[in-house]
Amino acid sequence: MRAVESPAESADGGNDAGDTGGDAERLRRWRMVLGGGEADGTGRTLTGQDAAMDAALGALYGGSGGARRSSGERSAGLGGSAPNVARWLGDIRTYFPAPVVQVMQRDAIERLGLASLLLEPEMLEAVEPDVHLVGTLLSLNKAMPDTTKETARAVVRKVVEQLEKRLATRTRATLTGALDRSARINRPRHHDIDWDRTIRANLKNYLPEYRTVVPERLVGHGRASQAVKKEVVLCIDQSGSMAASVVYASVFGAVLASMRSIATRLVVFDTAVVDLTDQLDDPVDVLFGTQLGGGTDINRALAYCQSKITRPADTVVVLISDLYEGGIRNEMLKRVAAMKGAGVEFVTLLALSDEGAPAYDREHAAALAALGAPAFACTPDLFPDVMAAALEKRPLPVP
């Protein structure tokens, strides 16, 4: 059975005369899912656009559109050539919505070994850009010929701009509010009064006969200043399994760096450590400065981050990793404990993506939780709330 949901209804399907509309449509959908052949039980013959959609599905997942093996069984196949694949990519963008296209592209790269073909400019121009495609391109970065690099950067930039548009405004608003609340003052000017907190702080002064609260103590927000209030260190595992997290973290790093009241540092690591802070004005440069794959030495990365902390009580360190440590485990835990003991807010994210938690080292996660740094997967939409809680030293909104 095909690993993709049945396509949207087509007006050009092959309905048999005598079928009711509902029964015909159900049979058509089952025929598209099962892939045809005598054993599928539908007895349907597809024509027109349905036949073209079926061929595109069959080329990837097998079925009536797939290639035949010598034994007579159906198998997937796109011909193995760039023109055939480029044509197929164009077809699926014509027949299916973007989210389905992205799933099919990902499956084609994994099932049919098409990663090497992405090194050709005409292929990159045909694909539907998404986070996972960016991860694949970054993993191929070192093998990418010069003729392809500009096209690849354009694809990556399109995805980055989409993510920034989705995430930047809310992130800035959420963190600005958190920074203002962390600078709360007790003698605020009228425009700086936090009325909700002022009322709660003075409920004991409620006068029932007047149905009012007498505000003996005013609570307000400090005025936002241009001075740096907090420091944030993003420490990102760039092993192959963390590709989507690297993409999102780079975008968030650029957003945080654009806020004058937050000093942001971005560090990526495998067995080596690379500081990409000076490239944060362009997340595309950050992404092409990464090298997905390789081993993992979390302890070495945290040692570097620890050496850059100058104001522990005003610093948040965010470790984004699946915690498969190739370095010295006990030293890593001692380092986290030392940072927390000095006043650093330490956040451990197993993933920063929409896919949920990947495979991760549960023993290390439990050890970090025991130190007061619970490890959890975080979606991009939740990340601003997690950072706001860390900046205010509140309990993290662990999902």
# chains A, B, ... in the order shown; residues from 1 in each chain; ligands from 1
>>> residues_around(residues="Gly372 in chain A", least_positions_apart="6", cutoff="10 Å", atoms="only C-alpha atoms", output="PDB file with all heavy atoms, in the first residue's frame")
ATOM      1  N   VAL A 336      27.275  21.492  33.535  1.00  0.00           N
ATOM      2  CA  VAL A 336      25.906  22.016  33.637  1.00  0.00           C
ATOM      3  C   VAL A 336      25.612  22.421  35.080  1.00  0.00           C
ATOM      4  O   VAL A 336      25.042  23.493  35.341  1.00  0.00           O
ATOM      5  CB  VAL A 336      24.881  20.968  33.150  1.00  0.00           C
ATOM      6  CG1 VAL A 336      23.458  21.456  33.395  1.00  0.00           C
ATOM      7  CG2 VAL A 336      25.086  20.667  31.662  1.00  0.00           C
ATOM      8  N   ALA A 337      25.993  21.570  36.027  1.00  0.00           N
ATOM      9  CA  ALA A 337      25.760  21.876  37.449  1.00  0.00           C
ATOM     10  C   ALA A 337      26.483  23.154  37.854  1.00  0.00           C
ATOM     11  O   ALA A 337      25.935  23.978  38.602  1.00  0.00           O
ATOM     12  CB  ALA A 337      26.224  20.703  38.311  1.00  0.00           C
ATOM     13  N   LYS A 340      24.610  26.209  36.423  1.00  0.00           N
ATOM     14  CA  LYS A 340      23.381  26.470  37.172  1.00  0.00           C
ATOM     15  C   LYS A 340      23.698  27.009  38.562  1.00  0.00           C
ATOM     16  O   LYS A 340      23.011  27.902  39.073  1.00  0.00           O
ATOM     17  CB  LYS A 340      22.539  25.195  37.261  1.00  0.00           C
ATOM     18  CG  LYS A 340      21.842  24.833  35.950  1.00  0.00           C
ATOM     19  CD  LYS A 340      20.870  23.695  36.129  1.00  0.00           C
ATOM     20  CE  LYS A 340      19.715  24.070  37.024  1.00  0.00           C
ATOM     21  NZ  LYS A 340      18.872  25.140  36.490  1.00  0.00           N
ATOM     22  N   GLU A 345      20.553  30.211  33.676  1.00  0.00           N
ATOM     23  CA  GLU A 345      19.348  29.447  33.340  1.00  0.00           C
ATOM     24  C   GLU A 345      19.714  28.488  32.209  1.00  0.00           C
ATOM     25  O   GLU A 345      20.140  28.925  31.132  1.00  0.00           O
ATOM     26  CB  GLU A 345      18.224  30.377  32.896  1.00  0.00           C
ATOM     27  CG  GLU A 345      17.612  31.185  34.019  1.00  0.00           C
ATOM     28  CD  GLU A 345      16.883  30.309  35.016  1.00  0.00           C
ATOM     29  OE1 GLU A 345      16.028  29.501  34.582  1.00  0.00           O
ATOM     30  OE2 GLU A 345      17.164  30.424  36.218  1.00  0.00           O
ATOM     31  N   PHE A 346      19.576  27.192  32.447  1.00  0.00           N
ATOM     32  CA  PHE A 346      20.003  26.189  31.471  1.00  0.00           C
ATOM     33  C   PHE A 346      18.783  25.464  30.923  1.00  0.00           C
ATOM     34  O   PHE A 346      17.983  24.905  31.675  1.00  0.00           O
ATOM     35  CB  PHE A 346      20.960  25.186  32.121  1.00  0.00           C
ATOM     36  CG  PHE A 346      21.749  24.373  31.132  1.00  0.00           C
ATOM     37  CD1 PHE A 346      23.002  24.780  30.716  1.00  0.00           C
ATOM     38  CD2 PHE A 346      21.221  23.202  30.606  1.00  0.00           C
ATOM     39  CE1 PHE A 346      23.724  24.037  29.791  1.00  0.00           C
ATOM     40  CE2 PHE A 346      21.923  22.454  29.681  1.00  0.00           C
ATOM     41  CZ  PHE A 346      23.190  22.865  29.279  1.00  0.00           C
ATOM     42  N   VAL A 347      18.638  25.479  29.593  1.00  0.00           N
ATOM     43  CA  VAL A 347      17.502  24.862  28.916  1.00  0.00           C
ATOM     44  C   VAL A 347      18.032  23.763  27.995  1.00  0.00           C
ATOM     45  O   VAL A 347      18.976  23.995  27.228  1.00  0.00           O
ATOM     46  CB  VAL A 347      16.713  25.893  28.086  1.00  0.00           C
ATOM     47  CG1 VAL A 347      15.537  25.229  27.375  1.00  0.00           C
ATOM     48  CG2 VAL A 347      16.231  27.035  28.973  1.00  0.00           C
ATOM     49  N   ALA A 366      17.658  12.093  31.889  1.00  0.00           N
ATOM     50  CA  ALA A 366      17.262  11.951  33.289  1.00  0.00           C
ATOM     51  C   ALA A 366      18.276  12.626  34.208  1.00  0.00           C
ATOM     52  O   ALA A 366      17.903  13.261  35.209  1.00  0.00           O
ATOM     53  CB  ALA A 366      17.127  10.473  33.643  1.00  0.00           C
TER      54      ALA A 366
END
>>> closest_atom_pairs(of="range 92-175 of chain A", to="range 350-357 of chain A", cutoff="12 Å", atoms="only C-alpha atoms", output="Markdown table")
| residue | atom | partner | partner_atom | distance |
| --- | --- | --- | --- | --- |
| A:Val131 | CA | A:Ser353 | CA | 9.3 |
| A:His132 | CA | A:Ser353 | CA | 10.4 |
| A:Leu163 | CA | A:Ser353 | CA | 11.7 |
>>> write_last_selection(atoms="all heavy atoms", output="short mmCIF file (atom, residue, chain, number, x, y, z; two decimals), in the first residue's frame")
data_model
loop_
_atom_site.label_atom_id
_atom_site.label_comp_id
_atom_site.auth_asym_id
_atom_site.auth_seq_id
_atom_site.Cartn_x
_atom_site.Cartn_y
_atom_site.Cartn_z
N VAL A 131 11.92 22.76 5.15
CA VAL A 131 12.99 22.62 6.14
C VAL A 131 13.82 21.37 5.90
O VAL A 131 15.04 21.38 6.01
CB VAL A 131 12.40 22.61 7.56
CG1 VAL A 131 13.45 22.20 8.59
CG2 VAL A 131 11.84 23.99 7.91
N HIS A 132 13.16 20.27 5.55
CA HIS A 132 13.88 19.01 5.37
C HIS A 132 14.77 19.05 4.13
O HIS A 132 15.87 18.48 4.13
CB HIS A 132 12.88 17.86 5.29
CG HIS A 132 12.10 17.67 6.54
ND1 HIS A 132 12.61 17.06 7.65
CD2 HIS A 132 10.85 18.09 6.88
CE1 HIS A 132 11.72 17.06 8.61
NE2 HIS A 132 10.64 17.68 8.18
N LEU A 163 10.26 31.15 7.22
CA LEU A 163 10.30 30.89 8.66
C LEU A 163 10.37 32.19 9.45
O LEU A 163 9.70 32.33 10.48
CB LEU A 163 11.49 30.00 9.00
CG LEU A 163 11.44 28.57 8.46
CD1 LEU A 163 12.71 27.81 8.85
CD2 LEU A 163 10.21 27.84 8.96
#
>>> closest_residue(among="A:Leu276, A:Ala126, A:Leu167, A:Ala303", to="Asp385 in chain A", atoms="only C-alpha atoms")
A:Leu167
>>> residues_around(residues="Asp237 in chain A", least_positions_apart="6", cutoff="8 Å", atoms="only C-alpha atoms", output="ChimeraX atom specification")
/A:246,268-270,296,298,319-322
>>> closest_residue(among="A:Leu137, A:Ile193, A:Asp278, A:Leu119", to="Ala243 in chain A", atoms="only C-alpha atoms")
A:Leu137
>>> residues_around(residues="range 198-205 of chain A", least_positions_apart="5", cutoff="6 Å", atoms="only C-alpha atoms", output="PyMOL selection string")
chain A and resi 213-215+218-219
>>> closest_residue(among="A:Phe288, A:Leu112, A:Val100, A:Trp30", to="Lys149 in chain A", atoms="only C-alpha atoms")
A:Phe288
